[in-house]
$ cat run-v4.cif   # mmCIF, C-alpha atoms (C1' of nucleotides)
data_coords
loop_
_atom_site.group_PDB
_atom_site.id
_atom_site.type_symbol
_atom_site.label_atom_id
_atom_site.label_comp_id
_atom_site.auth_asym_id
_atom_site.auth_seq_id
_atom_site.Cartn_x
_atom_site.Cartn_y
_atom_site.Cartn_z
ATOM 1 C CA MET A 1 136.219 125.605 107.314
ATOM 2 C CA ASP A 2 134.010 123.133 105.508
ATOM 3 C CA ASN A 3 134.255 120.839 108.464
ATOM 4 C CA TRP A 4 133.488 123.656 110.865
ATOM 5 C CA LYS A 5 130.410 124.553 108.861
ATOM 6 C CA THR A 6 129.265 120.959 109.171
ATOM 7 C CA GLN A 7 129.815 120.870 112.922
ATOM 8 C CA VAL A 8 128.234 124.220 113.722
ATOM 9 C CA LYS A 9 124.933 123.038 112.244
ATOM 10 C CA ARG A 10 124.487 120.389 114.920
ATOM 11 C CA GLY A 11 121.428 121.131 116.978
ATOM 12 C CA TYR A 12 120.818 124.319 115.022
ATOM 13 C CA LEU A 13 119.222 122.345 112.196
ATOM 14 C CA GLU A 14 116.776 120.681 114.565
ATOM 15 C CA LEU A 15 115.793 124.096 115.885
ATOM 16 C CA CYS A 16 115.221 125.425 112.358
ATOM 17 C CA LEU A 17 113.116 122.407 111.387
ATOM 18 C CA LEU A 18 110.890 122.837 114.419
ATOM 19 C CA LEU A 19 110.412 126.532 113.616
ATOM 20 C CA LEU A 20 109.600 125.846 109.973
ATOM 21 C CA ILE A 21 107.143 123.052 110.700
ATOM 22 C CA GLN A 22 105.474 125.098 113.426
ATOM 23 C CA ARG A 23 105.019 127.969 110.982
ATOM 24 C CA HIS A 24 103.416 125.837 108.290
ATOM 25 C CA GLY A 25 101.482 123.470 110.512
ATOM 26 C CA ARG A 26 102.486 120.410 108.531
ATOM 27 C CA LEU A 27 105.191 119.775 105.940
ATOM 28 C CA TYR A 28 106.691 116.805 104.098
ATOM 29 C CA GLY A 29 110.402 116.147 103.626
ATOM 30 C CA PHE A 30 110.900 117.204 100.049
ATOM 31 C CA ASP A 31 109.026 120.437 100.645
ATOM 32 C CA LEU A 32 111.173 121.096 103.702
ATOM 33 C CA LEU A 33 114.289 120.709 101.556
ATOM 34 C CA GLU A 34 113.020 123.410 99.212
ATOM 35 C CA LYS A 35 111.905 125.773 101.958
ATOM 36 C CA LEU A 36 115.193 125.395 103.806
ATOM 37 C CA LYS A 37 117.119 126.053 100.631
ATOM 38 C CA ALA A 38 115.060 129.227 100.130
ATOM 39 C CA GLN A 39 116.081 130.250 103.677
ATOM 40 C CA GLY A 40 119.744 129.839 102.773
ATOM 41 C CA LEU A 41 120.036 126.454 104.495
ATOM 42 C CA PRO A 42 120.550 123.883 101.727
ATOM 43 C CA LEU A 43 120.446 120.376 103.249
ATOM 44 C CA LYS A 44 121.108 117.076 101.565
ATOM 45 C CA GLU A 45 118.471 114.372 101.764
ATOM 46 C CA GLY A 46 120.894 112.223 103.728
ATOM 47 C CA THR A 47 120.933 114.921 106.390
ATOM 48 C CA LEU A 48 117.232 115.715 106.504
ATOM 49 C CA TYR A 49 115.514 112.339 106.481
ATOM 50 C CA PRO A 50 117.468 110.751 109.334
ATOM 51 C CA LEU A 51 116.957 113.960 111.322
ATOM 52 C CA LEU A 52 113.189 113.884 110.787
ATOM 53 C CA SER A 53 113.100 110.194 111.743
ATOM 54 C CA ARG A 54 114.995 110.909 114.961
ATOM 55 C CA MET A 55 112.715 113.777 115.878
ATOM 56 C CA ALA A 56 109.628 111.632 115.274
ATOM 57 C CA GLU A 57 111.159 108.798 117.280
ATOM 58 C CA GLU A 58 111.895 111.145 120.181
ATOM 59 C CA GLY A 59 108.315 112.393 120.101
ATOM 60 C CA SER A 60 108.832 115.948 118.864
ATOM 61 C CA LEU A 61 107.064 115.280 115.570
ATOM 62 C CA SER A 62 104.049 113.234 114.520
ATOM 63 C CA THR A 63 103.837 111.715 111.055
ATOM 64 C CA VAL A 64 101.052 111.004 108.559
ATOM 65 C CA TRP A 65 101.445 109.311 105.185
ATOM 66 C CA GLU A 66 99.450 110.909 102.423
ATOM 67 C CA THR A 67 98.716 108.835 99.340
ATOM 68 C CA GLU A 68 95.264 110.056 98.278
ATOM 69 C CA ASN A 69 94.736 112.354 95.299
ATOM 70 C CA LEU A 70 98.402 112.214 94.516
ATOM 71 C CA ALA A 71 100.371 111.962 91.346
ATOM 72 C CA GLY A 72 103.791 110.513 92.125
ATOM 73 C CA HIS A 73 105.383 109.148 95.250
ATOM 74 C CA PRO A 74 103.446 109.229 98.556
ATOM 75 C CA ARG A 75 104.388 112.000 100.990
ATOM 76 C CA LYS A 76 105.120 111.770 104.695
ATOM 77 C CA PHE A 77 103.826 114.828 106.542
ATOM 78 C CA TYR A 78 105.297 116.010 109.826
ATOM 79 C CA SER A 79 103.628 118.128 112.517
ATOM 80 C CA LEU A 80 104.722 119.402 115.928
ATOM 81 C CA THR A 81 103.566 117.502 118.982
ATOM 82 C CA LYS A 82 103.120 119.085 122.401
ATOM 83 C CA ALA A 83 106.554 117.725 123.284
ATOM 84 C CA GLY A 84 107.925 119.276 120.105
ATOM 85 C CA GLN A 85 106.552 122.669 121.071
ATOM 86 C CA ALA A 86 108.096 122.308 124.520
ATOM 87 C CA SER A 87 111.472 121.370 123.000
ATOM 88 C CA LEU A 88 111.248 124.316 120.646
ATOM 89 C CA SER A 89 110.670 126.681 123.562
ATOM 90 C CA GLU A 90 113.681 125.363 125.446
ATOM 91 C CA MET A 91 115.901 125.431 122.378
ATOM 92 C CA THR A 92 114.854 128.984 121.586
ATOM 93 C CA VAL A 93 115.818 130.148 125.065
ATOM 94 C CA GLU A 94 119.180 128.394 124.872
ATOM 95 C CA PHE A 95 120.011 129.508 121.349
ATOM 96 C CA GLU A 96 119.233 133.129 122.096
ATOM 97 C CA ARG A 97 121.381 132.884 125.183
ATOM 98 C CA MET A 98 124.220 131.653 122.954
ATOM 99 C CA VAL A 99 123.670 134.476 120.472
ATOM 100 C CA ARG A 100 123.795 137.017 123.278
ATOM 101 C CA ALA A 101 127.026 135.472 124.611
ATOM 102 C CA TYR A 102 128.489 135.687 121.104
ATOM 103 C CA GLN A 103 127.435 139.307 120.682
ATOM 104 C CA ASP A 104 128.855 140.150 124.073
ATOM 105 C CA LEU A 105 132.187 138.636 123.052
ATOM 106 C CA GLN A 106 132.101 140.793 119.927
ATOM 107 C CA SER A 107 131.448 144.010 121.851
ATOM 108 C CA PRO A 108 131.362 143.639 125.631
ATOM 109 C CA LYS A 109 128.963 145.660 127.740
ATOM 110 C CA LYS A 110 129.728 146.933 131.209
ATOM 111 C CA LYS A 111 127.949 145.060 133.928
ATOM 112 C CA GLY A 112 124.939 146.872 135.258
ATOM 113 C CA LYS A 113 125.243 146.145 138.980
ATOM 114 C CA MET B 1 117.579 118.531 125.851
ATOM 115 C CA ASP B 2 120.886 117.981 127.637
ATOM 116 C CA ASN B 3 122.127 116.174 124.608
ATOM 117 C CA TRP B 4 120.876 118.921 122.312
ATOM 118 C CA LYS B 5 122.718 121.498 124.396
ATOM 119 C CA THR B 6 125.871 119.460 123.951
ATOM 120 C CA GLN B 7 125.441 119.178 120.205
ATOM 121 C CA VAL B 8 124.536 122.802 119.553
ATOM 122 C CA LYS B 9 127.868 123.918 121.024
ATOM 123 C CA ARG B 10 129.842 122.234 118.261
ATOM 124 C CA GLY B 11 131.736 124.804 116.274
ATOM 125 C CA TYR B 12 130.190 127.579 118.342
ATOM 126 C CA LEU B 13 132.725 126.997 121.112
ATOM 127 C CA GLU B 14 135.639 127.358 118.708
ATOM 128 C CA LEU B 15 134.184 130.658 117.515
ATOM 129 C CA CYS B 16 133.838 131.927 121.093
ATOM 130 C CA LEU B 17 137.382 130.903 121.980
ATOM 131 C CA LEU B 18 138.793 132.765 118.996
ATOM 132 C CA LEU B 19 136.817 135.883 119.941
ATOM 133 C CA LEU B 20 137.922 135.751 123.558
ATOM 134 C CA ILE B 21 141.588 135.178 122.757
ATOM 135 C CA GLN B 22 141.527 137.928 120.156
ATOM 136 C CA ARG B 23 140.078 140.351 122.668
ATOM 137 C CA HIS B 24 142.719 139.636 125.306
ATOM 138 C CA GLY B 25 145.688 139.106 123.032
ATOM 139 C CA ARG B 26 146.888 136.042 124.903
ATOM 140 C CA LEU B 27 145.249 133.746 127.422
ATOM 141 C CA TYR B 28 146.006 130.440 129.137
ATOM 142 C CA GLY B 29 143.582 127.561 129.548
ATOM 143 C CA PHE B 30 142.570 127.925 133.151
ATOM 144 C CA ASP B 31 141.940 131.626 132.700
ATOM 145 C CA LEU B 32 139.818 130.878 129.628
ATOM 146 C CA LEU B 33 137.694 128.521 131.727
ATOM 147 C CA GLU B 34 136.977 131.312 134.187
ATOM 148 C CA LYS B 35 136.301 133.957 131.548
ATOM 149 C CA LEU B 36 133.980 131.635 129.630
ATOM 150 C CA LYS B 37 132.118 130.813 132.825
ATOM 151 C CA ALA B 38 131.676 134.537 133.440
ATOM 152 C CA GLN B 39 130.206 134.794 129.913
ATOM 153 C CA GLY B 40 127.646 132.121 130.757
ATOM 154 C CA LEU B 41 129.570 129.393 128.929
ATOM 155 C CA PRO B 42 130.846 126.998 131.589
ATOM 156 C CA LEU B 43 133.158 124.420 129.960
ATOM 157 C CA LYS B 44 134.784 121.418 131.530
ATOM 158 C CA GLU B 45 138.541 121.005 131.252
ATOM 159 C CA GLY B 46 138.019 117.873 129.179
ATOM 160 C CA THR B 47 136.228 120.017 126.620
ATOM 161 C CA LEU B 48 138.575 122.977 126.579
ATOM 162 C CA TYR B 49 142.044 121.454 126.509
ATOM 163 C CA PRO B 50 141.504 119.100 123.574
ATOM 164 C CA LEU B 51 139.828 121.957 121.691
ATOM 165 C CA LEU B 52 142.780 124.286 122.281
ATOM 166 C CA SER B 53 145.199 121.550 121.206
ATOM 167 C CA ARG B 54 143.260 120.995 117.985
ATOM 168 C CA MET B 55 143.165 124.694 117.202
ATOM 169 C CA ALA B 56 146.905 124.981 117.775
ATOM 170 C CA GLU B 57 147.523 121.891 115.651
ATOM 171 C CA GLU B 58 145.422 123.324 112.821
ATOM 172 C CA GLY B 59 147.385 126.573 112.991
ATOM 173 C CA SER B 60 144.724 128.945 114.332
ATOM 174 C CA LEU B 61 146.540 129.431 117.622
ATOM 175 C CA SER B 62 150.195 129.741 118.632
ATOM 176 C CA THR B 63 151.365 128.587 122.056
ATOM 177 C CA VAL B 64 153.990 129.731 124.535
ATOM 178 C CA TRP B 65 154.798 128.067 127.848
ATOM 179 C CA GLU B 66 155.339 130.474 130.693
ATOM 180 C CA THR B 67 157.280 129.261 133.713
ATOM 181 C CA GLU B 68 159.135 132.361 134.850
ATOM 182 C CA ASN B 69 158.115 134.376 137.909
ATOM 183 C CA LEU B 70 155.381 131.889 138.631
ATOM 184 C CA ALA B 71 154.037 130.341 141.732
ATOM 185 C CA GLY B 72 152.339 127.068 140.878
ATOM 186 C CA HIS B 73 151.965 125.065 137.695
ATOM 187 C CA PRO B 74 153.376 126.494 134.439
ATOM 188 C CA ARG B 75 150.850 128.088 132.085
ATOM 189 C CA LYS B 76 150.407 127.577 128.378
ATOM 190 C CA PHE B 77 149.440 130.815 126.665
ATOM 191 C CA TYR B 78 147.509 130.898 123.402
ATOM 192 C CA SER B 79 147.406 133.705 120.809
ATOM 193 C CA LEU B 80 145.713 134.108 117.446
ATOM 194 C CA THR B 81 147.784 133.489 114.336
ATOM 195 C CA LYS B 82 147.079 135.123 110.977
ATOM 196 C CA ALA B 83 145.290 131.927 110.003
ATOM 197 C CA GLY B 84 143.283 132.115 113.217
ATOM 198 C CA GLN B 85 142.161 135.638 112.407
ATOM 199 C CA ALA B 86 141.145 134.506 108.930
ATOM 200 C CA SER B 87 139.169 131.572 110.363
ATOM 201 C CA LEU B 88 137.500 133.893 112.827
ATOM 202 C CA SER B 89 136.388 136.188 110.005
ATOM 203 C CA GLU B 90 134.885 133.330 108.037
ATOM 204 C CA MET B 91 133.176 131.857 111.080
ATOM 205 C CA THR B 92 131.738 135.228 112.019
ATOM 206 C CA VAL B 93 130.207 135.641 108.568
ATOM 207 C CA GLU B 94 128.725 132.152 108.647
ATOM 208 C CA PHE B 95 127.419 132.348 112.205
ATOM 209 C CA GLU B 96 125.718 135.675 111.590
ATOM 210 C CA ARG B 97 124.150 134.219 108.462
ATOM 211 C CA MET B 98 122.781 131.400 110.602
ATOM 212 C CA VAL B 99 121.451 133.826 113.189
ATOM 213 C CA ARG B 100 119.694 135.812 110.470
ATOM 214 C CA ALA B 101 118.175 132.621 109.047
ATOM 215 C CA TYR B 102 116.948 131.723 112.540
ATOM 216 C CA GLN B 103 115.478 135.162 113.106
ATOM 217 C CA ASP B 104 113.797 135.043 109.738
ATOM 218 C CA LEU B 105 112.198 131.720 110.668
ATOM 219 C CA GLN B 106 110.933 133.320 113.862
ATOM 220 C CA SER B 107 109.377 136.287 112.055
ATOM 221 C CA PRO B 108 109.615 136.165 108.240
ATOM 222 C CA LYS B 109 110.172 139.307 106.241
ATOM 223 C CA LYS B 110 108.735 139.941 102.838
ATOM 224 C CA LYS B 111 111.251 139.740 100.057
ATOM 225 C CA GLY B 112 112.414 143.134 98.914
ATOM 226 C CA LYS B 113 113.347 142.747 95.281
ATOM 227 C "C1'" DA C 1 108.527 99.458 74.871
ATOM 228 C "C1'" DC C 2 112.399 101.976 76.725
ATOM 229 C "C1'" DC C 3 114.967 105.475 79.119
ATOM 230 C "C1'" DA C 4 115.671 109.920 81.334
ATOM 231 C "C1'" DT C 5 113.903 113.044 84.532
ATOM 232 C "C1'" DA C 6 111.392 114.785 88.507
ATOM 233 C "C1'" DT C 7 109.423 113.746 92.683
ATOM 234 C "C1'" DA C 8 109.809 111.473 97.102
ATOM 235 C "C1'" DC C 9 111.653 108.632 100.737
ATOM 236 C "C1'" DC C 10 115.318 105.734 103.068
ATOM 237 C "C1'" DT C 11 119.855 103.691 104.931
ATOM 238 C "C1'" DA C 12 124.827 102.203 106.116
ATOM 239 C "C1'" DG C 13 128.931 103.912 107.432
ATOM 240 C "C1'" DC C 14 132.411 107.708 108.123
ATOM 241 C "C1'" DC C 15 134.208 111.040 111.138
ATOM 242 C "C1'" DA C 16 134.602 115.156 114.078
ATOM 243 C "C1'" DT C 17 133.868 116.857 118.638
ATOM 244 C "C1'" DG C 18 131.761 117.768 123.359
ATOM 245 C "C1'" DC C 19 131.663 115.211 127.579
ATOM 246 C "C1'" DT C 20 132.936 111.912 131.479
ATOM 247 C "C1'" DA C 21 136.357 110.225 134.109
ATOM 248 C "C1'" DT C 22 140.787 110.031 135.383
ATOM 249 C "C1'" DG C 23 145.679 111.179 135.858
ATOM 250 C "C1'" DT C 24 149.681 114.277 136.498
ATOM 251 C "C1'" DA C 25 152.417 118.271 138.528
ATOM 252 C "C1'" DT C 26 153.498 122.457 141.517
ATOM 253 C "C1'" DA C 27 152.808 125.434 145.466
ATOM 254 C "C1'" DT C 28 150.334 126.761 149.944
ATOM 255 C "C1'" DG C 29 148.197 126.208 154.419
ATOM 256 C "C1'" DG C 30 146.714 123.500 158.270
ATOM 257 C "C1'" DC D 1 151.984 115.276 155.515
ATOM 258 C "C1'" DC D 2 147.725 115.707 153.462
ATOM 259 C "C1'" DA D 3 144.029 118.670 151.489
ATOM 260 C "C1'" DT D 4 143.227 122.219 148.403
ATOM 261 C "C1'" DA D 5 143.861 125.301 144.502
ATOM 262 C "C1'" DT D 6 145.981 125.925 140.349
ATOM 263 C "C1'" DA D 7 147.073 124.082 135.841
ATOM 264 C "C1'" DC D 8 147.420 120.878 131.977
ATOM 265 C "C1'" DA D 9 146.435 116.389 129.584
ATOM 266 C "C1'" DT D 10 144.260 112.073 127.584
ATOM 267 C "C1'" DA D 11 141.339 107.736 126.625
ATOM 268 C "C1'" DG D 12 136.995 106.453 125.317
ATOM 269 C "C1'" DC D 13 131.956 107.241 124.537
ATOM 270 C "C1'" DA D 14 127.951 109.100 122.095
ATOM 271 C "C1'" DT D 15 125.884 111.969 118.735
ATOM 272 C "C1'" DG D 16 124.536 113.638 114.286
ATOM 273 C "C1'" DG D 17 125.776 115.888 109.610
ATOM 274 C "C1'" DC D 18 127.495 114.134 105.398
ATOM 275 C "C1'" DT D 19 128.707 110.901 101.410
ATOM 276 C "C1'" DA D 20 127.110 107.618 98.572
ATOM 277 C "C1'" DG D 21 124.008 104.647 97.377
ATOM 278 C "C1'" DG D 22 119.293 102.556 96.966
ATOM 279 C "C1'" DT D 23 113.938 102.232 96.190
ATOM 280 C "C1'" DA D 24 109.402 103.726 94.198
ATOM 281 C "C1'" DT D 25 105.874 106.335 91.258
ATOM 282 C "C1'" DA D 26 104.539 109.123 87.343
ATOM 283 C "C1'" DT D 27 105.571 111.768 82.935
ATOM 284 C "C1'" DG D 28 107.471 112.875 78.520
ATOM 285 C "C1'" DG D 29 110.520 111.723 74.629
ATOM 286 C "C1'" DT D 30 112.175 108.593 70.988
#
$ encode --input "run-v4.cif" --output "structure tokens"
Amino acid sequence: MDNWKTQVKRGYLELCLLLLIQRHGRLYGFDLLEKLKAQGLPLKEGTLYPLLSRMAEEGSLSTVWETENLAGHPRKFYSLTKAGQASLSEMTVEFERMVRAYQDLQSPKKKGK
Amino acid sequence: MDNWKTQVKRGYLELCLLLLIQRHGRLYGFDLLEKLKAQGLPLKEGTLYPLLSRMAEEGSLSTVWETENLAGHPRKFYSLTKAGQASLSEMTVEFERMVRAYQDLQSPKKKGK
DNA sequence: ACCATATACCTAGCCATGCTATGTATATGG
DNA sequence: CCATATACATAGCATGGCTAGGTATATGGT
């Protein structure tokens, strides 16, 4: 089961990150960890940071370092790009399709013509 | 996106297979391919057969070859074991938790305390 | 001065699994 | 006799979550 829980998060995590960043406009990694934990999605740093890097590399996220007026370590802020918003739209459609397929397997509906 | 669609199916497919086999009692691979396609989940054989083998190996599914009264290639039927039903329960709980987390990211609710 | 702690980011390497491509076997129809 | 449909199987690739470890800056305690 532990392994299954790991596998089933693939793709889903990227979708959740896009949603969370879209909602807040811009977020940095450590803050994301806390917000995801509050949503019942506790990630490890070794999961989050490589994921954010990939998404930035692929063009879904833009990044800005913030060092001014800061006590402590500098923060890297992430925001959605146009491409990121487009990806989010596509992923939303697909994920909801999957949820509907799941729900239909749980309790099938008759086909309306 | 194509890659994302591949990744997001991890784990989810196993859940769907368990649901579908539970519903029908017993099913063979080729039939599963058709039923999944009808559900909007078109798998390739190279995805399904290794998955079924793994699930049988792990003890979630039991298998019976059927060669009697058959025209054509023998069929390998799969049924849920007790362990498979238990896995299905756990996966259902987890997947629905994920769906709720997703929905909450789409439109957050205030905390009722 | 020193160390622990909190904040904040990063990386190498493991491993599970969906997919591509290919192969095998049995029956039917032209 | 070959094409097609049915039916199962496997080798090898690519991807990404996780483990375990590392780096850096500031604060508070002794």
$ interface_residues --input "run-v4.cif" --of "chain B" --to "chain C" --cutoff "12 Å" --atoms "only C-alpha atoms (C1' of nucleotides)" --output "MDAnalysis selection string"
chainID B and resid 2:14 43:51 54 67 70:75
$ write_last_selection --input "run-v4.cif" --atoms "C-alpha atoms" --output "PDB file, in the frame of the given file"
ATOM      1  CA  ASP B   2     120.886 117.981 127.637  1.00  0.00           C
ATOM      2  CA  ASN B   3     122.127 116.174 124.608  1.00  0.00           C
ATOM      3  CA  TRP B   4     120.876 118.921 122.312  1.00  0.00           C
ATOM      4  CA  LYS B   5     122.718 121.498 124.396  1.00  0.00           C
ATOM      5  CA  THR B   6     125.871 119.460 123.951  1.00  0.00           C
ATOM      6  CA  GLN B   7     125.441 119.178 120.205  1.00  0.00           C
ATOM      7  CA  VAL B   8     124.536 122.802 119.553  1.00  0.00           C
ATOM      8  CA  LYS B   9     127.868 123.918 121.024  1.00  0.00           C
ATOM      9  CA  ARG B  10     129.842 122.234 118.261  1.00  0.00           C
ATOM     10  CA  GLY B  11     131.736 124.804 116.274  1.00  0.00           C
ATOM     11  CA  TYR B  12     130.190 127.579 118.342  1.00  0.00           C
ATOM     12  CA  LEU B  13     132.725 126.997 121.112  1.00  0.00           C
ATOM     13  CA  GLU B  14     135.639 127.358 118.708  1.00  0.00           C
ATOM     14  CA  LEU B  43     133.158 124.420 129.960  1.00  0.00           C
ATOM     15  CA  LYS B  44     134.784 121.418 131.530  1.00  0.00           C
ATOM     16  CA  GLU B  45     138.541 121.005 131.252  1.00  0.00           C
ATOM     17  CA  GLY B  46     138.019 117.873 129.179  1.00  0.00           C
ATOM     18  CA  THR B  47     136.228 120.017 126.620  1.00  0.00           C
ATOM     19  CA  LEU B  48     138.575 122.977 126.579  1.00  0.00           C
ATOM     20  CA  TYR B  49     142.044 121.454 126.509  1.00  0.00           C
ATOM     21  CA  PRO B  50     141.504 119.100 123.574  1.00  0.00           C
ATOM     22  CA  LEU B  51     139.828 121.957 121.691  1.00  0.00           C
ATOM     23  CA  ARG B  54     143.260 120.995 117.985  1.00  0.00           C
ATOM     24  CA  THR B  67     157.280 129.261 133.713  1.00  0.00           C
ATOM     25  CA  LEU B  70     155.381 131.889 138.631  1.00  0.00           C
ATOM     26  CA  ALA B  71     154.037 130.341 141.732  1.00  0.00           C
ATOM     27  CA  GLY B  72     152.339 127.068 140.878  1.00  0.00           C
ATOM     28  CA  HIS B  73     151.965 125.065 137.695  1.00  0.00           C
ATOM     29  CA  PRO B  74     153.376 126.494 134.439  1.00  0.00           C
ATOM     30  CA  ARG B  75     150.850 128.088 132.085  1.00  0.00           C
TER      31      ARG B  75
END
$ calpha_fit_and_write --input "run-v4.cif" --fixed "chain A" --moving "chain B" --output "compact mmCIF listing (two decimals) with C-alpha atoms, in the frame of the given file"
# COMPACT_ATOMS: atom_id res chain seq x y z
CA MET B 1 136.24 125.60 107.33
CA ASP B 2 134.02 123.13 105.49
CA ASN B 3 134.25 120.84 108.43
CA TRP B 4 133.50 123.68 110.84
CA LYS B 5 130.41 124.56 108.83
CA THR B 6 129.28 120.97 109.16
CA GLN B 7 129.84 120.90 112.90
CA VAL B 8 128.24 124.24 113.69
CA LYS B 9 124.94 123.03 112.22
CA ARG B 10 124.52 120.38 114.89
CA GLY B 11 121.45 121.09 116.95
CA TYR B 12 120.85 124.28 115.00
CA LEU B 13 119.23 122.32 112.18
CA GLU B 14 116.79 120.66 114.56
CA LEU B 15 115.82 124.09 115.88
CA CYS B 16 115.24 125.41 112.36
CA LEU B 17 113.14 122.40 111.39
CA LEU B 18 110.91 122.83 114.42
CA LEU B 19 110.44 126.52 113.61
CA LEU B 20 109.62 125.84 109.98
CA ILE B 21 107.17 123.04 110.71
CA GLN B 22 105.50 125.11 113.41
CA ARG B 23 105.04 127.99 111.00
CA HIS B 24 103.43 125.85 108.31
CA GLY B 25 101.50 123.47 110.53
CA ARG B 26 102.50 120.41 108.53
CA LEU B 27 105.20 119.77 105.96
CA TYR B 28 106.69 116.80 104.12
CA GLY B 29 110.39 116.14 103.63
CA PHE B 30 110.89 117.19 100.06
CA ASP B 31 109.03 120.43 100.65
CA LEU B 32 111.18 121.09 103.72
CA LEU B 33 114.29 120.70 101.56
CA GLU B 34 113.04 123.40 99.21
CA LYS B 35 111.91 125.77 101.95
CA LEU B 36 115.20 125.39 103.81
CA LYS B 37 117.12 126.06 100.61
CA ALA B 38 115.09 129.23 100.14
CA GLN B 39 116.10 130.24 103.69
CA GLY B 40 119.77 129.84 102.78
CA LEU B 41 120.04 126.45 104.49
CA PRO B 42 120.55 123.88 101.73
CA LEU B 43 120.42 120.37 103.24
CA LYS B 44 121.06 117.07 101.55
CA GLU B 45 118.43 114.36 101.76
CA GLY B 46 120.85 112.20 103.73
CA THR B 47 120.90 114.90 106.38
CA LEU B 48 117.21 115.69 106.50
CA TYR B 49 115.50 112.31 106.47
CA PRO B 50 117.45 110.73 109.33
CA LEU B 51 116.95 113.94 111.33
CA LEU B 52 113.19 113.87 110.79
CA SER B 53 113.07 110.19 111.74
CA ARG B 54 114.96 110.88 114.96
CA MET B 55 112.69 113.76 115.87
CA ALA B 56 109.62 111.63 115.27
CA GLU B 57 111.14 108.78 117.27
CA GLU B 58 111.88 111.12 120.18
CA GLY B 59 108.30 112.38 120.10
CA SER B 60 108.82 115.95 118.87
CA LEU B 61 107.07 115.28 115.58
CA SER B 62 104.04 113.23 114.54
CA THR B 63 103.83 111.72 111.06
CA VAL B 64 101.05 111.02 108.59
CA TRP B 65 101.44 109.34 105.21
CA GLU B 66 99.45 110.95 102.45
CA THR B 67 98.69 108.88 99.36
CA GLU B 68 95.27 110.13 98.31
CA ASN B 69 94.74 112.44 95.34
CA LEU B 70 98.42 112.29 94.56
CA ALA B 71 100.40 112.06 91.43
CA GLY B 72 103.80 110.59 92.19
CA HIS B 73 105.41 109.17 95.30
CA PRO B 74 103.45 109.26 98.59
CA ARG B 75 104.42 112.01 101.03
CA LYS B 76 105.13 111.77 104.72
CA PHE B 77 103.84 114.82 106.56
CA TYR B 78 105.32 116.00 109.84
CA SER B 79 103.64 118.14 112.54
CA LEU B 80 104.74 119.41 115.93
CA THR B 81 103.57 117.50 118.99
CA LYS B 82 103.12 119.09 122.41
CA ALA B 83 106.55 117.73 123.30
CA GLY B 84 107.93 119.27 120.12
CA GLN B 85 106.57 122.67 121.06
CA ALA B 86 108.12 122.32 124.51
CA SER B 87 111.49 121.37 123.00
CA LEU B 88 111.27 124.31 120.64
CA SER B 89 110.70 126.68 123.56
CA GLU B 90 113.71 125.37 125.44
CA MET B 91 115.92 125.43 122.37
CA THR B 92 114.87 128.97 121.57
CA VAL B 93 115.84 130.14 125.05
CA GLU B 94 119.20 128.40 124.86
CA PHE B 95 120.04 129.51 121.33
CA GLU B 96 119.24 133.13 122.09
CA ARG B 97 121.41 132.90 125.18
CA MET B 98 124.24 131.67 122.96
CA VAL B 99 123.69 134.48 120.47
CA ARG B 100 123.81 137.03 123.28
CA ALA B 101 127.03 135.49 124.61
CA TYR B 102 128.51 135.70 121.10
CA GLN B 103 127.44 139.30 120.68
CA ASP B 104 128.86 140.16 124.06
CA LEU B 105 132.20 138.65 123.03
CA GLN B 106 132.11 140.80 119.91
CA SER B 107 131.45 144.02 121.84
CA PRO B 108 131.39 143.64 125.65
CA LYS B 109 128.99 145.63 127.75
CA LYS B 110 129.74 146.92 131.19
CA LYS B 111 127.96 145.07 133.93
CA GLY B 112 124.92 146.90 135.18
CA LYS B 113 124.49 145.88 138.78
$ closest_atom_pairs --input "run-v4.cif" --of "chain D" --to "chain B" --cutoff "8 Å" --atoms "all atoms listed in the file" --output "JSON lines"
{"residue": "D:DT6", "atom": "C1'", "partner": "B:Gly72", "partner_atom": "CA", "distance": 6.5}
{"residue": "D:DA7", "atom": "C1'", "partner": "B:His73", "partner_atom": "CA", "distance": 5.3}
{"residue": "D:DC8", "atom": "C1'", "partner": "B:Tyr49", "partner_atom": "CA", "distance": 7.7}
{"residue": "D:DA9", "atom": "C1'", "partner": "B:Tyr49", "partner_atom": "CA", "distance": 7.4}
{"residue": "D:DT15", "atom": "C1'", "partner": "B:Gln7", "partner_atom": "CA", "distance": 7.4}
$ closest_residue --input "run-v4.cif" --among "A:Ala83, A:Leu27, A:Val64, A:Leu41" --to "chain B" --atoms "only C-alpha atoms"
A:Leu41
$ resolve_selection --input "run-v4.cif" --expression "the PyMOL selection byres ((chain A) within 10 of (chain B))" --output "ChimeraX atom specification"
/A:1,3-20,22-23,36,39-41,87,90-92,94-108
$ atom_distance --input "run-v4.cif" --atom1 "atom C1' of D:DA26" --atom2 "atom CA of A:Lys37"
24.9 Å
$ atom_distance --input "run-v4.cif" --atom1 "atom CA of A:Pro42" --atom2 "atom CA of A:Val93"
24.6 Å
$ atom_distance --input "run-v4.cif" --atom1 "atom CA of A:Thr81" --atom2 "atom CA of A:Trp65"
16.2 Å
